[in-house]
>>> print(open('data30.cif').read())   # mmCIF, C-alpha atoms
data_final
loop_
_atom_site.label_atom_id
_atom_site.label_comp_id
_atom_site.auth_asym_id
_atom_site.auth_seq_id
_atom_site.Cartn_x
_atom_site.Cartn_y
_atom_site.Cartn_z
CA MET A 1 70.80 41.35 119.41
CA ARG A 2 71.39 37.73 118.58
CA SER A 3 68.16 35.83 118.47
CA SER A 4 69.27 32.25 118.91
CA ARG A 5 71.86 31.12 121.43
CA SER A 6 72.48 27.69 122.80
CA LEU A 7 73.91 28.65 126.14
CA ALA A 8 71.51 26.27 127.76
CA SER A 9 72.95 23.36 125.83
CA GLY A 10 76.26 23.87 127.66
CA LYS A 11 78.76 22.44 125.16
CA PRO A 12 79.60 24.54 122.11
CA ASN A 13 78.93 22.86 118.77
CA LEU A 14 82.53 22.10 117.81
CA SER A 15 81.81 20.54 114.44
CA SER A 16 80.11 23.65 113.11
CA MET A 17 82.54 25.94 114.93
CA TRP A 18 85.61 24.66 113.17
CA SER A 19 83.99 24.49 109.74
CA ILE A 20 85.21 27.32 107.54
CA ASP A 21 82.70 30.11 107.13
CA PRO A 22 82.75 31.22 103.46
CA LEU A 23 83.07 34.77 104.76
CA TYR A 24 86.54 34.08 106.18
CA PRO A 25 88.40 33.81 102.84
CA VAL A 26 86.22 36.60 101.43
CA PHE A 27 87.25 39.00 104.18
CA PHE A 28 90.88 37.88 104.07
CA ALA A 29 90.91 38.67 100.35
CA THR A 30 89.00 41.91 101.01
CA GLY A 31 91.58 42.97 103.58
CA PHE A 32 94.34 42.19 101.11
CA THR A 33 92.83 44.18 98.23
CA ILE A 34 91.55 47.04 100.37
CA GLY A 35 95.00 47.22 101.96
CA PHE A 36 96.51 48.23 98.64
CA GLY A 37 93.80 50.82 97.99
CA HIS A 38 91.93 52.24 100.93
CA CYS A 39 94.46 51.49 103.71
CA ILE A 40 97.43 53.00 101.87
CA GLY A 41 95.38 56.16 101.37
CA MET A 42 93.97 56.43 104.88
CA CYS A 43 96.59 54.77 107.12
CA GLY A 44 99.54 55.41 104.78
CA PRO A 45 100.46 58.76 106.41
CA ILE A 46 100.66 57.09 109.82
CA VAL A 47 102.84 54.29 108.50
CA VAL A 48 105.07 56.81 106.69
CA SER A 49 105.41 58.83 109.91
CA LEU A 50 106.25 55.74 111.95
CA SER A 51 108.83 54.66 109.35
CA LEU A 52 110.48 58.07 109.08
CA ASN A 53 110.68 58.20 112.84
CA LEU A 54 112.94 55.16 112.75
CA LYS A 55 115.52 57.27 110.91
CA GLY A 56 116.84 54.55 108.68
CA ARG A 57 116.76 51.71 111.20
CA SER A 58 115.19 48.43 110.15
CA VAL A 59 111.39 48.70 109.82
CA VAL A 60 110.75 44.97 110.06
CA LEU A 61 110.32 44.45 113.80
CA PRO A 62 108.72 47.83 114.66
CA HIS A 63 106.17 47.53 111.87
CA LEU A 64 105.56 43.88 112.64
CA LEU A 65 104.69 44.99 116.18
CA TYR A 66 102.60 47.94 114.94
CA ASN A 67 100.60 45.66 112.62
CA THR A 68 100.27 43.00 115.33
CA GLY A 69 98.82 45.63 117.67
CA ARG A 70 96.39 46.79 115.01
CA VAL A 71 95.27 43.24 114.23
CA VAL A 72 94.89 42.43 117.95
CA THR A 73 92.52 45.42 118.34
CA TYR A 74 90.52 44.32 115.27
CA THR A 75 90.33 40.77 116.65
CA VAL A 76 89.12 41.93 120.07
CA LEU A 77 86.52 44.20 118.44
CA GLY A 78 85.46 41.24 116.26
CA GLY A 79 84.98 39.13 119.38
CA ILE A 80 82.83 41.84 120.98
CA MET A 81 80.78 42.23 117.79
CA GLY A 82 80.34 38.47 117.58
CA ALA A 83 79.30 38.22 121.24
CA THR A 84 76.69 40.96 120.99
CA GLY A 85 75.60 40.12 117.46
CA SER A 86 74.77 43.78 116.99
CA PHE A 87 76.98 46.17 115.06
CA THR A 88 75.05 49.33 115.88
CA LEU A 89 74.98 48.60 119.61
CA VAL A 90 78.79 48.41 119.83
CA ALA A 91 79.42 51.11 117.19
CA ALA A 92 77.42 53.61 119.22
CA HIS A 93 79.60 52.92 122.26
CA ILE A 94 82.98 53.03 120.54
CA GLU A 95 82.35 56.11 118.38
CA GLY A 96 83.64 58.45 121.10
CA ILE A 97 86.74 56.30 121.64
CA GLN A 98 87.41 56.30 117.90
CA LYS A 99 87.12 60.07 117.79
CA GLY A 100 89.64 60.26 120.64
CA ALA A 101 91.95 57.82 118.81
CA LEU A 102 91.82 60.01 115.67
CA ILE A 103 92.76 63.15 117.66
CA PHE A 104 95.45 61.30 119.62
CA ALA A 105 96.93 59.87 116.40
CA GLY A 106 97.05 63.40 114.97
CA LEU A 107 98.77 64.83 118.04
CA LEU A 108 101.20 61.91 118.13
CA ILE A 109 102.16 62.43 114.48
CA ILE A 110 102.63 66.19 115.03
CA LEU A 111 104.82 65.50 118.06
CA MET A 112 106.86 62.90 116.22
CA GLY A 113 107.33 65.30 113.31
CA LEU A 114 108.48 68.14 115.56
CA VAL A 115 110.86 65.97 117.56
CA MET A 116 112.26 64.32 114.42
CA SER A 117 113.03 67.67 112.85
CA GLY A 118 114.69 68.95 115.99
CA TRP A 119 112.35 71.94 116.07
CA LEU A 120 110.99 70.90 119.43
CA SER A 121 112.97 70.62 122.60
CA PHE A 122 111.78 70.21 126.13
CA SER A 123 113.40 73.43 127.31
CA LYS A 124 111.32 75.29 124.70
CA ILE A 125 108.12 73.77 125.99
CA PHE A 126 108.73 73.92 129.71
CA GLY A 127 110.97 77.02 129.79
CA ASP A 128 112.78 77.61 133.05
CA HIS A 129 110.64 75.00 134.77
CA TYR A 130 112.05 72.19 132.63
CA ASN A 131 113.01 69.31 134.86
CA PRO A 132 114.28 66.27 132.92
CA ASP A 133 113.48 63.98 135.85
CA GLY A 134 109.91 65.25 136.32
CA ILE A 135 106.96 62.93 135.69
CA VAL A 136 105.53 65.11 132.90
CA SER A 137 108.89 65.47 131.18
CA LYS A 138 109.60 61.76 131.47
CA GLY A 139 106.18 60.86 130.05
CA PHE A 140 106.50 63.42 127.29
CA ASN A 141 109.98 62.20 126.51
CA ARG A 142 108.77 58.64 126.27
CA ILE A 143 105.89 59.50 123.94
CA SER A 144 107.85 61.86 121.74
CA LYS A 145 110.83 59.58 121.28
CA ILE A 146 108.91 56.67 119.92
CA GLN A 147 111.95 55.05 118.52
CA SER A 148 112.04 52.15 120.90
CA THR A 149 110.80 49.10 119.06
CA ALA A 150 108.44 47.92 121.80
CA ALA A 151 106.45 51.18 121.65
CA TYR A 152 105.14 50.22 118.21
CA PHE A 153 102.89 47.53 119.65
CA PRO A 154 100.76 49.81 121.91
CA ILE A 155 100.67 52.37 119.07
CA GLY A 156 99.23 49.65 116.83
CA LEU A 157 96.73 48.66 119.51
CA LEU A 158 95.52 52.25 119.79
CA LEU A 159 95.54 53.08 116.08
CA GLY A 160 93.52 49.94 115.41
CA LEU A 161 90.66 51.94 116.88
CA LEU A 162 90.83 54.59 114.16
CA PRO A 163 87.44 54.98 112.44
CA CYS A 164 87.61 53.35 109.02
CA GLY A 165 84.87 52.36 106.57
CA PRO A 166 86.20 48.92 105.52
CA VAL A 167 86.89 48.04 109.18
CA TYR A 168 83.28 48.95 109.94
CA THR A 169 82.12 46.70 107.08
CA ALA A 170 84.21 43.82 108.41
CA LEU A 171 82.86 44.42 111.93
CA LEU A 172 79.35 44.39 110.49
CA ALA A 173 80.12 40.97 109.00
CA ALA A 174 81.59 39.86 112.36
CA ALA A 175 78.37 40.87 114.10
CA GLY A 176 76.42 38.97 111.41
CA ALA A 177 78.60 35.89 111.92
CA GLY A 178 77.97 36.15 115.66
CA MET A 179 74.25 36.40 115.09
CA ARG A 180 74.24 33.22 112.99
CA ALA A 181 76.35 31.30 115.53
CA GLU A 182 74.72 28.69 117.72
CA GLY A 183 76.29 29.71 121.01
CA THR A 184 78.09 32.63 122.63
CA PHE A 185 81.53 30.97 122.48
CA GLU A 186 81.09 30.14 118.82
CA ALA A 187 79.86 33.69 118.17
CA ILE A 188 82.98 35.20 119.78
CA VAL A 189 85.30 32.84 117.89
CA SER A 190 83.53 33.58 114.58
CA GLY A 191 83.76 37.33 115.05
CA MET A 192 87.39 37.16 116.16
CA THR A 193 88.43 34.87 113.29
CA LEU A 194 86.78 37.06 110.68
CA MET A 195 88.43 40.23 111.99
CA LEU A 196 91.79 38.48 112.47
CA LEU A 197 91.79 37.34 108.84
CA PHE A 198 90.65 40.75 107.61
CA GLY A 199 93.40 42.45 109.64
CA VAL A 200 96.11 40.03 108.50
CA GLY A 201 94.98 40.66 104.91
CA THR A 202 95.70 44.39 105.28
CA VAL A 203 99.23 43.86 106.62
CA PRO A 204 101.18 43.28 103.34
CA ALA A 205 100.17 46.65 101.87
CA LEU A 206 101.07 48.67 104.96
CA PHE A 207 104.27 46.71 105.44
CA LEU A 208 105.25 47.44 101.85
CA VAL A 209 104.65 51.17 102.40
CA ALA A 210 106.80 51.05 105.56
CA LYS A 211 109.58 49.28 103.66
CA LEU A 212 109.48 51.70 100.71
CA VAL A 213 109.63 54.76 102.95
CA ASN A 214 112.62 53.48 104.91
CA MET A 215 115.47 55.76 103.88
CA GLY A 216 118.34 53.68 105.15
CA TRP A 217 119.95 53.66 101.70
CA PHE A 218 119.64 57.40 101.08
CA LYS A 219 122.78 59.44 101.70
CA LYS A 220 121.21 62.89 102.23
CA ARG A 221 118.65 61.62 104.70
CA GLU A 222 118.44 64.86 106.67
CA ILE A 223 116.65 66.57 103.75
CA ILE A 224 114.11 63.79 103.63
CA TYR A 225 113.63 63.94 107.40
CA ARG A 226 113.00 67.68 107.29
CA LEU A 227 110.48 67.28 104.46
CA GLY A 228 109.02 64.27 106.25
CA ALA A 229 108.65 66.28 109.44
CA LEU A 230 106.69 68.96 107.57
CA LEU A 231 104.49 66.28 106.03
CA MET A 232 103.94 64.68 109.43
CA VAL A 233 102.88 67.96 111.04
CA ALA A 234 100.46 68.62 108.15
CA VAL A 235 99.04 65.10 108.36
CA GLY A 236 98.76 65.36 112.14
CA VAL A 237 96.81 68.63 111.91
CA TYR A 238 94.53 67.01 109.30
CA PHE A 239 93.88 64.06 111.66
CA VAL A 240 93.12 66.35 114.61
CA VAL A 241 90.69 68.46 112.54
CA LYS A 242 89.06 65.26 111.19
CA GLY A 243 88.78 63.98 114.74
CA PHE A 244 86.91 67.04 115.91
CA LEU A 245 84.65 67.00 112.83
CA TYR A 246 84.00 63.23 112.97
CA MET B 247 132.04 23.71 91.68
CA MET B 248 129.98 22.75 94.71
CA ARG B 249 129.68 26.41 95.66
CA TYR B 250 128.37 27.21 92.18
CA ALA B 251 125.83 24.39 92.38
CA ALA B 252 124.63 25.60 95.80
CA ALA B 253 124.26 29.18 94.54
CA ARG B 254 122.30 27.90 91.54
CA ARG B 255 120.07 25.88 93.82
CA ILE B 256 119.38 28.91 96.04
CA LYS B 257 118.57 30.94 92.92
CA GLU B 258 116.17 28.24 91.75
CA LEU B 259 114.58 28.08 95.21
CA ASN B 260 114.17 31.86 95.23
CA LYS B 261 112.54 31.70 91.82
CA LYS B 262 110.21 29.00 93.11
CA HIS B 263 109.30 31.14 96.14
CA ILE B 264 108.67 34.19 93.99
CA ARG B 265 106.42 32.10 91.72
CA LEU B 266 104.56 30.75 94.75
CA CYS B 267 104.11 34.25 96.18
CA LEU B 268 102.87 35.57 92.85
CA ALA B 269 100.46 32.65 92.56
CA ALA B 270 99.15 33.40 96.07
CA VAL B 271 98.71 37.10 95.23
CA TYR B 272 96.90 36.30 91.95
CA THR B 273 94.67 33.79 93.75
CA LEU B 274 93.74 36.40 96.37
CA LEU B 275 93.04 39.07 93.75
CA PHE B 276 90.95 36.61 91.74
CA TYR B 277 89.09 35.53 94.87
CA ALA B 278 88.42 39.12 95.91
CA ALA B 279 87.12 39.94 92.45
CA VAL B 280 84.95 36.84 92.05
CA ALA B 281 83.83 35.88 95.55
CA SER B 282 83.15 39.27 97.07
CA PRO B 283 80.10 41.04 95.72
CA PRO B 284 80.57 44.23 93.71
CA ALA B 285 81.42 47.06 96.03
CA PHE B 286 82.65 49.66 93.62
CA ALA B 287 80.80 51.72 91.05
CA SER B 288 82.82 54.28 89.18
CA GLY B 289 81.33 57.47 87.78
CA SER B 290 78.13 57.09 89.76
CA ARG B 291 75.93 60.16 90.14
CA ILE B 292 73.19 60.72 92.69
CA ASN B 293 69.95 59.46 91.18
CA CYS B 294 67.87 58.96 94.30
CA ASP B 295 66.78 61.13 97.21
CA ALA B 296 66.52 58.40 99.82
CA HIS B 297 65.56 60.92 102.52
CA SER B 298 62.35 61.87 100.70
CA GLY B 299 60.97 58.40 100.01
CA ALA B 300 61.06 55.57 97.49
CA CYS B 301 63.13 55.60 94.28
CA THR B 302 62.23 53.62 91.16
CA GLN B 303 64.23 52.26 88.22
CA THR B 304 63.46 49.97 85.31
CA VAL B 305 65.69 46.96 84.69
CA GLY B 306 64.76 44.98 81.57
CA ASP B 307 61.20 43.78 82.04
CA VAL B 308 60.90 44.71 85.70
CA THR B 309 60.50 47.91 87.68
CA VAL B 310 62.52 48.05 90.90
CA THR B 311 61.51 50.34 93.75
CA LEU B 312 63.78 50.90 96.76
CA GLU B 313 62.74 52.55 99.99
CA ILE B 314 64.97 52.87 103.06
CA THR B 315 63.57 53.52 106.51
CA PRO B 316 63.83 55.21 109.00
CA ARG B 317 64.38 58.54 107.30
CA PRO B 318 66.60 60.53 107.07
CA VAL B 319 68.87 57.69 106.05
CA THR B 320 71.67 57.80 108.63
CA ALA B 321 74.97 55.90 108.73
CA LEU B 322 75.76 53.49 111.57
CA GLN B 323 72.08 52.90 112.28
CA ASP B 324 69.88 49.86 111.74
CA LEU B 325 68.03 50.42 108.49
CA VAL B 326 65.21 48.52 106.80
CA PHE B 327 65.45 48.17 103.02
CA HIS B 328 62.11 47.68 101.25
CA VAL B 329 62.29 46.51 97.63
CA THR B 330 59.34 46.08 95.29
CA VAL B 331 59.82 44.27 91.97
CA ALA B 332 56.94 44.88 89.56
CA GLY B 333 56.72 42.61 86.51
CA PRO B 334 57.48 38.95 85.90
CA GLU B 335 58.36 37.01 89.04
CA ALA B 336 62.06 36.38 89.75
CA ALA B 337 63.19 32.80 90.42
CA LYS B 338 65.28 33.82 93.45
CA PRO B 339 64.88 36.64 96.00
CA ALA B 340 66.47 40.00 95.20
CA TYR B 341 69.42 41.24 97.26
CA ILE B 342 71.25 44.52 97.82
CA ASP B 343 74.96 45.33 97.77
CA LEU B 344 75.94 48.54 99.53
CA GLY B 345 79.06 50.52 98.76
CA MET B 346 80.61 53.89 98.05
CA PRO B 347 81.20 55.20 94.54
CA ALA B 348 84.37 56.96 95.67
CA MET B 349 86.00 54.24 97.72
CA LYS B 350 85.99 50.48 98.08
CA MET B 351 84.38 49.62 101.40
CA GLY B 352 84.31 45.82 101.40
CA PRO B 353 81.38 43.49 100.82
CA ASN B 354 78.20 44.68 102.55
CA ARG B 355 75.21 42.65 101.37
CA VAL B 356 71.64 43.04 102.57
CA VAL B 357 69.78 39.76 102.33
CA LEU B 358 66.13 40.35 101.39
CA GLU B 359 63.24 38.16 102.46
CA PRO B 360 60.14 37.96 100.24
CA THR B 361 57.04 39.36 101.93
CA GLY B 362 54.64 38.61 99.06
CA SER B 363 53.47 40.18 95.75
CA GLY B 364 57.00 41.01 94.54
CA LYS B 365 57.88 42.73 97.81
CA TYR B 366 61.09 42.10 99.74
CA GLU B 367 62.48 43.38 103.01
CA GLY B 368 65.86 43.21 104.71
CA ARG B 369 67.90 44.84 107.44
CA GLY B 370 71.29 46.44 106.95
CA VAL B 371 73.68 49.15 108.03
CA ILE B 372 75.42 51.82 105.98
CA VAL B 373 78.80 52.38 107.58
CA LYS B 374 80.61 55.68 107.94
CA CYS B 375 83.62 56.77 105.91
CA ALA B 376 86.26 58.73 107.83
CA SER B 377 86.92 60.80 104.69
CA GLY B 378 83.56 62.49 105.30
CA ARG B 379 82.17 61.50 101.88
CA ARG B 380 78.46 60.82 102.12
CA THR B 381 77.45 59.38 98.76
CA TRP B 382 76.59 55.70 98.80
CA PHE B 383 75.05 53.28 96.35
CA ALA B 384 72.68 50.36 96.71
CA ILE B 385 72.79 47.88 93.86
CA VAL B 386 69.55 45.89 93.84
CA THR B 387 70.07 42.62 91.99
CA VAL B 388 67.00 40.85 90.68
CA PRO B 389 68.26 37.38 89.64
CA GLY B 390 67.47 36.71 86.02
CA PHE B 391 66.61 40.34 85.24
CA GLY B 392 69.58 42.51 86.15
CA GLU B 393 70.73 45.19 88.53
CA ALA B 394 69.37 48.61 89.48
CA GLU B 395 71.89 51.05 90.94
CA PHE B 396 70.52 53.66 93.34
CA VAL B 397 73.01 56.38 94.29
CA PHE B 398 72.08 58.59 97.23
CA ASP B 399 73.44 60.72 100.05
CA VAL B 400 73.31 59.62 103.68
CA VAL B 401 73.48 61.60 106.91
CA TYR B 402 76.59 61.18 109.09
#
>>> encode(input="data30.cif", output="structure tokens")
Amino acid sequence: MRSSRSLASGKPNLSSMWSIDPLYPVFFATGFTIGFGHCIGMCGPIVVSLSLNLKGRSVVLPHLLYNTGRVVTYTVLGGIMGATGSFTLVAAHIEGIQKGALIFAGLLIILMGLVMSGWLSFSKIFGDHYNPDGIVSKGFNRISKIQSTAAYFPIGLLLGLLPCGPVYTALLAAAGAGMRAEGTFEAIVSGMTLMLLFGVGTVPALFLVAKLVNMGWFKKREIIYRLGALLMVAVGVYFVVKGFLY
Amino acid sequence: MMRYAAARRIKELNKKHIRLCLAAVYTLLFYAAVASPPAFASGSRINCDAHSGACTQTVGDVTVTLEITPRPVTALQDLVFHVTVAGPEAAKPAYIDLGMPAMKMGPNRVVLEPTGSGKYEGRGVIVKCASGRRTWFAIVTVPGFGEAEFVFDVVY
């Protein structure tokens, strides 16, 4: 836990709070470079799945929302890390949530793949009991047809919780920044800023992947969608297995 | 004529923007390479059993010993890094950079405090990689003498 806090002093030290921590540009640059290496490898399949699911529609707004959601989660986690000043304390509590996020992401990708390919229909799942107006069917329909732009923001929020080594490292730095801060408010702001910059740094790489995968220009898109669906199911299964093993 | 001039101007502006973007990208890459500590070691092989006890390496004129406690060395736990530098005294305290040989993990530096007679101590955390890979490295830098790279497995 953080050793020195100036809560008693009342006012936060604004002069030191707004001075730029040398770690900020370092983690922005780290996010940028890691984005083109680690993130494309680890989060690439999710981005590809989300892009294919758009079926040739513009990726700009959906992926902007997805990345915003992801960065918001990072920023909130950074604030928590900064406030506590202890990485291990928070990490121990969020490990279960991250495991759940990994499994959920896998199931979501499988579902998206199956729906995109047309291999899955509600009547097949629910049989004779299929009621399109039922709560379960409505909910399932909403999740499986994640083609509405607004849905990309909550997906980003949730997938920001995926366990990831570089995110852990950045959170570790956020906790360190919080520990060095003079007051709780400054600690939260430091942690949030560091994670915000790290997250923003990772956006260009994932955005580029989303843009490259968009098949709006391709005439025989159906072939790509079928292959994409297979890939999505495989990736989803991999995520679910990883989630259980994590 | 005016249309042609406007098109030319837009083209020039685009070129200017592309140049600016490229300059920003190069600056970021340069900054990441220079400012962030090394976090990538290619072709590293395990040369230390951190779970058993201390590991020793010779760097130039000094012998560097690294011990990590508590054992077994587990990811996502508070760890204490004990470094002993035997030989001529270094002008500045040693420090450790943690990373994975297989994947870039971002800068994770353990600041060491001198505890006397060439001994240093610092706290740090080895994070967890979702890929399941368990091999990590700790590069101990002794300013003025060089770096000792300890490669070891951790428990997830």
>>> residues_around(input="data30.cif", residues="stretch 35-42 of chain A", least_positions_apart="2", cutoff="9 Å", atoms="only C-alpha atoms", output="PDB file with C-alpha atoms, in the frame of the given file")
ATOM      1  CA  THR A  30      89.000  41.910 101.010  1.00  0.00           C
ATOM      2  CA  GLY A  31      91.580  42.970 103.580  1.00  0.00           C
ATOM      3  CA  PHE A  32      94.340  42.190 101.110  1.00  0.00           C
ATOM      4  CA  THR A  33      92.830  44.180  98.230  1.00  0.00           C
ATOM      5  CA  GLY A  44      99.540  55.410 104.780  1.00  0.00           C
ATOM      6  CA  PRO A  45     100.460  58.760 106.410  1.00  0.00           C
ATOM      7  CA  ILE A  46     100.660  57.090 109.820  1.00  0.00           C
ATOM      8  CA  VAL A  47     102.840  54.290 108.500  1.00  0.00           C
ATOM      9  CA  CYS A 164      87.610  53.350 109.020  1.00  0.00           C
ATOM     10  CA  PRO A 166      86.200  48.920 105.520  1.00  0.00           C
ATOM     11  CA  GLY A 201      94.980  40.660 104.910  1.00  0.00           C
ATOM     12  CA  THR A 202      95.700  44.390 105.280  1.00  0.00           C
ATOM     13  CA  VAL A 203      99.230  43.860 106.620  1.00  0.00           C
ATOM     14  CA  PRO A 204     101.180  43.280 103.340  1.00  0.00           C
ATOM     15  CA  ALA A 205     100.170  46.650 101.870  1.00  0.00           C
ATOM     16  CA  LEU A 206     101.070  48.670 104.960  1.00  0.00           C
ATOM     17  CA  VAL A 209     104.650  51.170 102.400  1.00  0.00           C
TER      18      VAL A 209
ATOM     19  CA  MET B 349      86.000  54.240  97.720  1.00  0.00           C
ATOM     20  CA  LYS B 350      85.990  50.480  98.080  1.00  0.00           C
ATOM     21  CA  MET B 351      84.380  49.620 101.400  1.00  0.00           C
ATOM     22  CA  ALA B 376      86.260  58.730 107.830  1.00  0.00           C
ATOM     23  CA  SER B 377      86.920  60.800 104.690  1.00  0.00           C
TER      24      SER B 377
END
>>> resolve_selection(input="data30.cif", expression="the PyMOL selection byres ((chain A and resi 68) around 9)", output="ChimeraX atom specification")
/A:63-67,69-73,153,156-157,199-200,203
>>> atom_distance(input="data30.cif", atom1="atom CA of A:Pro25", atom2="atom CA of A:Ala181")
17.7 Å
>>> resolve_selection(input="data30.cif", expression="the PyMOL selection byres ((chain A) within 10 of (chain B))", output="PDB file with C-alpha atoms, keeping the file's coordinate frame")
ATOM      1  CA  PRO A  22      82.750  31.220 103.460  1.00  0.00           C
ATOM      2  CA  LEU A  23      83.070  34.770 104.760  1.00  0.00           C
ATOM      3  CA  PRO A  25      88.400  33.810 102.840  1.00  0.00           C
ATOM      4  CA  VAL A  26      86.220  36.600 101.430  1.00  0.00           C
ATOM      5  CA  PHE A  27      87.250  39.000 104.180  1.00  0.00           C
ATOM      6  CA  PHE A  28      90.880  37.880 104.070  1.00  0.00           C
ATOM      7  CA  ALA A  29      90.910  38.670 100.350  1.00  0.00           C
ATOM      8  CA  THR A  30      89.000  41.910 101.010  1.00  0.00           C
ATOM      9  CA  GLY A  31      91.580  42.970 103.580  1.00  0.00           C
ATOM     10  CA  PHE A  32      94.340  42.190 101.110  1.00  0.00           C
ATOM     11  CA  THR A  33      92.830  44.180  98.230  1.00  0.00           C
ATOM     12  CA  ILE A  34      91.550  47.040 100.370  1.00  0.00           C
ATOM     13  CA  GLY A  37      93.800  50.820  97.990  1.00  0.00           C
ATOM     14  CA  HIS A  38      91.930  52.240 100.930  1.00  0.00           C
ATOM     15  CA  MET A  42      93.970  56.430 104.880  1.00  0.00           C
ATOM     16  CA  SER A  86      74.770  43.780 116.990  1.00  0.00           C
ATOM     17  CA  PHE A  87      76.980  46.170 115.060  1.00  0.00           C
ATOM     18  CA  THR A  88      75.050  49.330 115.880  1.00  0.00           C
ATOM     19  CA  LEU A  89      74.980  48.600 119.610  1.00  0.00           C
ATOM     20  CA  ALA A  91      79.420  51.110 117.190  1.00  0.00           C
ATOM     21  CA  ALA A  92      77.420  53.610 119.220  1.00  0.00           C
ATOM     22  CA  GLU A  95      82.350  56.110 118.380  1.00  0.00           C
ATOM     23  CA  LEU A 102      91.820  60.010 115.670  1.00  0.00           C
ATOM     24  CA  LEU A 162      90.830  54.590 114.160  1.00  0.00           C
ATOM     25  CA  PRO A 163      87.440  54.980 112.440  1.00  0.00           C
ATOM     26  CA  CYS A 164      87.610  53.350 109.020  1.00  0.00           C
ATOM     27  CA  GLY A 165      84.870  52.360 106.570  1.00  0.00           C
ATOM     28  CA  PRO A 166      86.200  48.920 105.520  1.00  0.00           C
ATOM     29  CA  VAL A 167      86.890  48.040 109.180  1.00  0.00           C
ATOM     30  CA  TYR A 168      83.280  48.950 109.940  1.00  0.00           C
ATOM     31  CA  THR A 169      82.120  46.700 107.080  1.00  0.00           C
ATOM     32  CA  ALA A 170      84.210  43.820 108.410  1.00  0.00           C
ATOM     33  CA  LEU A 171      82.860  44.420 111.930  1.00  0.00           C
ATOM     34  CA  LEU A 172      79.350  44.390 110.490  1.00  0.00           C
ATOM     35  CA  ALA A 173      80.120  40.970 109.000  1.00  0.00           C
ATOM     36  CA  GLY A 201      94.980  40.660 104.910  1.00  0.00           C
ATOM     37  CA  LYS A 242      89.060  65.260 111.190  1.00  0.00           C
ATOM     38  CA  GLY A 243      88.780  63.980 114.740  1.00  0.00           C
ATOM     39  CA  LEU A 245      84.650  67.000 112.830  1.00  0.00           C
ATOM     40  CA  TYR A 246      84.000  63.230 112.970  1.00  0.00           C
TER      41      TYR A 246
END
>>> resolve_selection(input="data30.cif", expression="the PyMOL selection byres ((chain B and resi 317) around 8)", output="NGL selection string")
:B and (296-298 or 314-316 or 318-320)
>>> closest_residue(input="data30.cif", among="A:Val189, A:Val48, A:Leu227, A:Asp21", to="A:Leu212", atoms="all atoms listed in the file")
A:Val48
>>> atom_distance(input="data30.cif", atom1="atom CA of A:Ser49", atom2="atom CA of A:Gln98")
19.9 Å
>>> atom_distance(input="data30.cif", atom1="atom CA of A:Pro62", atom2="atom CA of A:Ile80")
27.3 Å
>>> residues_near_point(input="data30.cif", point="(57.3, 42.7, 89.6)", cutoff="9 Å", atoms="only C-alpha atoms", output="list in words")
Asp307, Val308, Thr309, Val310, Thr330, Val331, Ala332, Gly333, Pro334, Glu335, Ala336, Ser363, Gly364 and Lys365 of chain B
>>> axis_aligned_box(input="data30.cif", around="stretch 362-365 of chain B", padding_each_side="4 Å", output="JSON")
{"center_x": 55.7, "center_y": 40.7, "center_z": 96.8, "size_x": 12.4, "size_y": 12.1, "size_z": 12.5}
>>> residues_around(input="data30.cif", residues="B:Phe327", least_positions_apart="4", cutoff="6 Å", atoms="all atoms listed in the file", output="PDB file with C-alpha atoms, keeping the file's coordinate frame")
ATOM      1  CA  GLU B 313      62.740  52.550  99.990  1.00  0.00           C
ATOM      2  CA  ILE B 314      64.970  52.870 103.060  1.00  0.00           C
ATOM      3  CA  GLU B 367      62.480  43.380 103.010  1.00  0.00           C
ATOM      4  CA  GLY B 368      65.860  43.210 104.710  1.00  0.00           C
TER       5      GLY B 368
END
>>> closest_residue(input="data30.cif", among="B:Cys301, B:Ile385, B:Cys294, B:Val329", to="B:Gly362", atoms="only C-alpha atoms")
B:Val329
>>> residues_near_point(input="data30.cif", point="(88.4, 40.0, 115.9)", cutoff="7 Å", atoms="only C-alpha atoms", output="ChimeraX atom specification")
/A:74-79,191-196
